[in-house]
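To keep things clear, I will list the structure first and then write my remarks on it.
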Amino acid sequence: MRASAPARRIRTRSAVVAAAAAAALLGSLASVPAAHADSDSDRRRPARTLHELARESGRYFGSAVDNPELADTEFAELLGTEFGQTTPGNGMKWYATEPERGVFDFTAGDEIVDYAKANGLKVRGHTLLWHSQLPAWLSEGTWTKAELRSILKNHITQVVKHYKGKVFAWDVANEIMNEDGTYRENIFYKVIGPGYIADALRWARAADPKVKLYLNDYNVEALGPKSDAYYTLIKQLKKDRVPIDGFGLQAHLALQYGFPGGYEENLRRFADLGVDVSITELDIRMQLPADEAKLAEQADWYGRVTEGCLEVRRCVGITLWGYTDRHSWIPDFFPGEGAALPWDENLRHKPAYDAIREELAEAAEDD
Ligand code: XIL
């Protein structure tokens, strides 16, 4: 799990050999989890990973990880070989990094940064400011505007400085809009007012001049009031010379709601504003039980999400919110739903994996 890059490569190769042997026995590659021959080419050549394919078009392909999952060595090894980027699922959130006022704890975030470094993955920081998973001292306190501004400034400054040079991007503000495009009335909005967003971005920039600063949200993949609100906000921030480098689209999609309308056009309009875009938390859930038809539709959607990103030059990468149904937040948060990721609970590829791979391979050939 903490092997150096060359050691990893050797292990990958032997895994391919083992996989080829297993495939010869089974007469099919479909059931082989970690390794996969390029379908259009010599089966003896080591397969390129999703990240290697994405890198050919200048993108990364990543997966989130929550700290306890690193103890699952089979899981951690595949994460370290197949992907080029990771995001801590919880480890850098406010409750984890500043559990008491002014007392910082970077243990969980550091564990993921160390794992990522050992495995050659880059890290997105998630997240400096959010209405959820705040420590009780903060959410249950009563604050004046000046106090809360100073708490927010100190939090952002300490966390960003600690991870300077270790993360390439930060979700500075997470989920700050309502579905109708109005500002979410989180504690920061209520006490400080909408100016907290520009403040947060400026403080983050002051703490690390190089890291990419993002706004991030869900239900912003389609054209509509929520994505319009971000479009307007980012345009204004740019005009006001507030540092903003990217827009993150979480992409927690669900088959029963239909594919987000105008997805690619939406990505493009943000890119045209002069910011990067990325798909930051992709999963595509379904009502359980899963069946062949739903898995085929899911695969189609994964392919379309990937293709849309590859079509837009400033779409810099895709992060799955976990890669396997073995470790996914969906069943806990959406009862009766699940099967949202491209690898199943046994770390076997689902049709979604092949769909992603096909899009990446096609783009890699074009470039
Ligand atoms: C989720 C984590 O995956 C869970 O483990 C945790 O209990 C709740 O948060 N949008 C986000 C992520 O920005 O931080 C959330 O992660 C999923 C929704």
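Scheme for the structure tokens: letters A, B, ... for chains in order shown; per-chain residue numbers from 1; ligand numbers from 1 in order shown.
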Q.
Please identify all protein, DNA and RNA residues within 6 Å of ligand 1, counting only C-alpha atoms and all ligand atoms, and report them as a PyMOL selection string.
A. chain A and resi 89-90+329
Preceding selection exported with C-alpha atoms as a tab-separated table (two decimals), in the first residue's frame:
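This went into selection_13.tsv:
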```tsv
chain	number	residue	atom	x	y	z
A	89	GLY	CA	-14.16	11.56	1.69
A	90	ASN	CA	-14.22	13.11	5.17
A	329	TRP	CA	-22.10	6.44	1.01
```
(Q) Quick one: residues within 7 Å of region 55-69 of chain A, only C-alpha atoms, excluding same-chain residues fewer than 2 positions away - as a list in words? (A) Leu50, His51, Glu52, Leu53, Ala71, Asp72, Phe83, Gly84, Gln85, Thr86, Thr87, Pro88, Gly89, Asn90, Gly91, Ala108, Ile112, Val316, Gly317, Ile318, Thr319, Leu320, Trp321, Gly322, Tyr323, Ala363, Ala364 and Asp367 of chain A
Q) Hey, what's within 8 Å of Thr182 (chain A) if we count only C-alpha atoms and toss same-chain stuff fewer than 5 positions away? As a ChimeraX atom specification, please? A) /A:177,226,229
Close residues, His131 (chain A) itself excluded, 10 Å, only C-alpha atoms, min 5 positions apart in chain, as a short mmCIF file (atom, residue, chain, number, x, y, z; two decimals) with N, CA, C and O atoms, in the first residue's frame:
```cif
data_model
loop_
_atom_site.label_atom_id
_atom_site.label_comp_id
_atom_site.auth_asym_id
_atom_site.auth_seq_id
_atom_site.Cartn_x
_atom_site.Cartn_y
_atom_site.Cartn_z
N TRP A 94 -14.28 20.22 8.27
CA TRP A 94 -14.03 21.08 9.45
C TRP A 94 -14.06 20.28 10.75
O TRP A 94 -13.23 20.45 11.64
N SER A 139 -21.15 25.12 15.09
CA SER A 139 -22.55 25.22 14.64
C SER A 139 -23.49 25.57 15.79
O SER A 139 -24.54 26.17 15.56
N ALA A 173 -15.55 26.50 -1.02
CA ALA A 173 -16.92 26.57 -0.50
C ALA A 173 -17.74 25.46 -1.15
O ALA A 173 -17.74 25.30 -2.36
N ASN A 174 -18.43 24.71 -0.31
CA ASN A 174 -19.18 23.54 -0.79
C ASN A 174 -20.68 23.77 -0.57
O ASN A 174 -21.09 24.15 0.53
N GLU A 175 -21.45 23.56 -1.61
CA GLU A 175 -22.93 23.54 -1.50
C GLU A 175 -23.51 24.82 -0.91
O GLU A 175 -24.27 24.79 0.05
N ILE A 176 -23.17 25.94 -1.55
CA ILE A 176 -23.62 27.25 -1.01
C ILE A 176 -24.89 27.77 -1.67
O ILE A 176 -25.33 28.88 -1.33
N ARG A 184 -27.83 29.48 -0.06
CA ARG A 184 -28.19 28.64 1.08
C ARG A 184 -27.92 29.42 2.37
O ARG A 184 -26.88 30.05 2.52
N GLU A 185 -28.89 29.35 3.26
CA GLU A 185 -28.74 30.13 4.50
C GLU A 185 -27.96 29.33 5.53
O GLU A 185 -28.49 28.92 6.57
N ASN A 186 -26.69 29.09 5.21
CA ASN A 186 -25.82 28.42 6.19
C ASN A 186 -25.38 29.43 7.25
O ASN A 186 -25.68 30.63 7.14
N ILE A 187 -24.68 28.97 8.24
CA ILE A 187 -24.29 29.84 9.36
C ILE A 187 -23.46 31.05 8.87
O ILE A 187 -23.61 32.16 9.38
N PHE A 188 -22.66 30.83 7.84
CA PHE A 188 -21.79 31.91 7.35
C PHE A 188 -22.63 32.99 6.64
O PHE A 188 -22.40 34.18 6.82
N TYR A 189 -23.60 32.54 5.89
CA TYR A 189 -24.48 33.48 5.19
C TYR A 189 -25.29 34.28 6.20
O TYR A 189 -25.44 35.50 6.09
#
```
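Taking only C-alpha atoms into account, His252 (chain A) lies nearest to A:Val305 out of the set A:Leu215, A:Ile156, A:Leu223, A:Val305.
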Surrounding residues of Leu341 (chain A) excluding itself and chain neighbours under 5 positions, 8 Å, only C-alpha atoms, as a PDB file with all heavy atoms, in the first residue's frame:
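Final output, saved to out_9.pdb:
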```
ATOM      1  N   ASP A 283     -21.027   9.585  -8.799  1.00  0.00           N
ATOM      2  CA  ASP A 283     -21.613   8.249  -8.642  1.00  0.00           C
ATOM      3  C   ASP A 283     -22.997   8.280  -9.281  1.00  0.00           C
ATOM      4  O   ASP A 283     -23.602   9.343  -9.429  1.00  0.00           O
ATOM      5  CB  ASP A 283     -21.626   7.732  -7.193  1.00  0.00           C
ATOM      6  CG  ASP A 283     -22.175   8.679  -6.155  1.00  0.00           C
ATOM      7  OD1 ASP A 283     -22.973   9.566  -6.505  1.00  0.00           O
ATOM      8  OD2 ASP A 283     -21.825   8.522  -4.961  1.00  0.00           O
ATOM      9  N   ILE A 284     -23.461   7.134  -9.721  1.00  0.00           N
ATOM     10  CA  ILE A 284     -24.745   7.060 -10.432  1.00  0.00           C
ATOM     11  C   ILE A 284     -25.553   5.933  -9.795  1.00  0.00           C
ATOM     12  O   ILE A 284     -25.348   4.755 -10.065  1.00  0.00           O
ATOM     13  CB  ILE A 284     -24.531   6.823 -11.951  1.00  0.00           C
ATOM     14  CG1 ILE A 284     -23.639   7.946 -12.539  1.00  0.00           C
ATOM     15  CG2 ILE A 284     -25.890   6.761 -12.654  1.00  0.00           C
ATOM     16  CD1 ILE A 284     -23.242   7.767 -14.005  1.00  0.00           C
ATOM     17  N   ARG A 285     -26.470   6.339  -8.918  1.00  0.00           N
ATOM     18  CA  ARG A 285     -27.198   5.346  -8.133  1.00  0.00           C
ATOM     19  C   ARG A 285     -28.469   4.900  -8.854  1.00  0.00           C
ATOM     20  O   ARG A 285     -28.906   5.517  -9.828  1.00  0.00           O
ATOM     21  CB  ARG A 285     -27.518   5.900  -6.746  1.00  0.00           C
ATOM     22  CG  ARG A 285     -28.388   7.135  -6.739  1.00  0.00           C
ATOM     23  CD  ARG A 285     -28.467   7.733  -5.334  1.00  0.00           C
ATOM     24  NE  ARG A 285     -29.488   8.764  -5.259  1.00  0.00           N
ATOM     25  CZ  ARG A 285     -29.264  10.058  -5.434  1.00  0.00           C
ATOM     26  NH1 ARG A 285     -28.044  10.491  -5.712  1.00  0.00           N
ATOM     27  NH2 ARG A 285     -30.259  10.925  -5.344  1.00  0.00           N
ATOM     28  N   LEU A 320     -14.390   9.783  -8.959  1.00  0.00           N
ATOM     29  CA  LEU A 320     -15.519   8.975  -8.494  1.00  0.00           C
ATOM     30  C   LEU A 320     -15.617   9.140  -6.984  1.00  0.00           C
ATOM     31  O   LEU A 320     -14.602   9.257  -6.302  1.00  0.00           O
ATOM     32  CB  LEU A 320     -15.273   7.495  -8.814  1.00  0.00           C
ATOM     33  CG  LEU A 320     -14.986   7.123 -10.267  1.00  0.00           C
ATOM     34  CD1 LEU A 320     -14.559   5.648 -10.354  1.00  0.00           C
ATOM     35  CD2 LEU A 320     -16.219   7.363 -11.125  1.00  0.00           C
ATOM     36  N   GLY A 322     -15.652   7.309  -4.400  1.00  0.00           N
ATOM     37  CA  GLY A 322     -15.404   5.890  -4.121  1.00  0.00           C
ATOM     38  C   GLY A 322     -15.545   5.167  -5.447  1.00  0.00           C
ATOM     39  O   GLY A 322     -16.209   5.660  -6.360  1.00  0.00           O
ATOM     40  N   TYR A 323     -14.877   4.031  -5.586  1.00  0.00           N
ATOM     41  CA  TYR A 323     -14.977   3.369  -6.892  1.00  0.00           C
ATOM     42  C   TYR A 323     -15.724   2.045  -6.839  1.00  0.00           C
ATOM     43  O   TYR A 323     -16.069   1.487  -7.866  1.00  0.00           O
ATOM     44  CB  TYR A 323     -13.574   3.197  -7.510  1.00  0.00           C
ATOM     45  CG  TYR A 323     -12.661   2.224  -6.794  1.00  0.00           C
ATOM     46  CD1 TYR A 323     -12.677   0.857  -7.103  1.00  0.00           C
ATOM     47  CD2 TYR A 323     -11.771   2.649  -5.808  1.00  0.00           C
ATOM     48  CE1 TYR A 323     -11.844  -0.035  -6.449  1.00  0.00           C
ATOM     49  CE2 TYR A 323     -10.928   1.771  -5.153  1.00  0.00           C
ATOM     50  CZ  TYR A 323     -10.973   0.429  -5.474  1.00  0.00           C
ATOM     51  OH  TYR A 323     -10.151  -0.459  -4.832  1.00  0.00           O
ATOM     52  N   THR A 324     -15.983   1.554  -5.636  1.00  0.00           N
ATOM     53  CA  THR A 324     -16.617   0.234  -5.537  1.00  0.00           C
ATOM     54  C   THR A 324     -17.872   0.267  -4.652  1.00  0.00           C
ATOM     55  O   THR A 324     -17.902   0.968  -3.640  1.00  0.00           O
ATOM     56  CB  THR A 324     -15.633  -0.812  -4.968  1.00  0.00           C
ATOM     57  OG1 THR A 324     -16.374  -1.910  -4.411  1.00  0.00           O
ATOM     58  CG2 THR A 324     -14.757  -0.257  -3.864  1.00  0.00           C
ATOM     59  N   ASP A 325     -18.839  -0.542  -5.021  1.00  0.00           N
ATOM     60  CA  ASP A 325     -20.065  -0.653  -4.219  1.00  0.00           C
ATOM     61  C   ASP A 325     -19.779  -1.222  -2.825  1.00  0.00           C
ATOM     62  O   ASP A 325     -20.620  -1.172  -1.941  1.00  0.00           O
ATOM     63  CB  ASP A 325     -21.093  -1.544  -4.944  1.00  0.00           C
ATOM     64  CG  ASP A 325     -21.561  -0.925  -6.257  1.00  0.00           C
ATOM     65  OD1 ASP A 325     -21.500   0.318  -6.376  1.00  0.00           O
ATOM     66  OD2 ASP A 325     -21.974  -1.678  -7.166  1.00  0.00           O
ATOM     67  N   SER A 328     -19.440   2.694  -0.239  1.00  0.00           N
ATOM     68  CA  SER A 328     -20.160   3.795  -0.881  1.00  0.00           C
ATOM     69  C   SER A 328     -21.097   4.428   0.136  1.00  0.00           C
ATOM     70  O   SER A 328     -21.685   3.738   0.970  1.00  0.00           O
ATOM     71  CB  SER A 328     -20.957   3.254  -2.081  1.00  0.00           C
ATOM     72  OG  SER A 328     -21.884   4.209  -2.547  1.00  0.00           O
ATOM     73  N   ALA A 352     -20.284  -0.259 -16.377  1.00  0.00           N
ATOM     74  CA  ALA A 352     -19.881   1.156 -16.293  1.00  0.00           C
ATOM     75  C   ALA A 352     -18.379   1.326 -16.478  1.00  0.00           C
ATOM     76  O   ALA A 352     -17.920   2.292 -17.099  1.00  0.00           O
ATOM     77  CB  ALA A 352     -20.306   1.738 -14.941  1.00  0.00           C
TER      78      ALA A 352
END
```
Q: Check region 32-238 of chain A with DSSP on the backbone and list each residue it calls strand (DSSP E), as a PyMOL selection string.
A: chain A and resi 60-65+85-88+122-129+169-174+212-217
Q: Rank nothing, just name the residue among A:Phe168, A:Pro135, A:Lys93, A:Leu237 nearest to Leu121 (chain A), using only C-alpha atoms.
A: A:Phe168
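When the distance limit is 6 Å and only C-alpha atoms are what count, the residues near Pro225 (chain A), minus those fewer than 2 positions from it on the same chain, are Asp180, Gly181, Ser227 and Asp228 of chain A.
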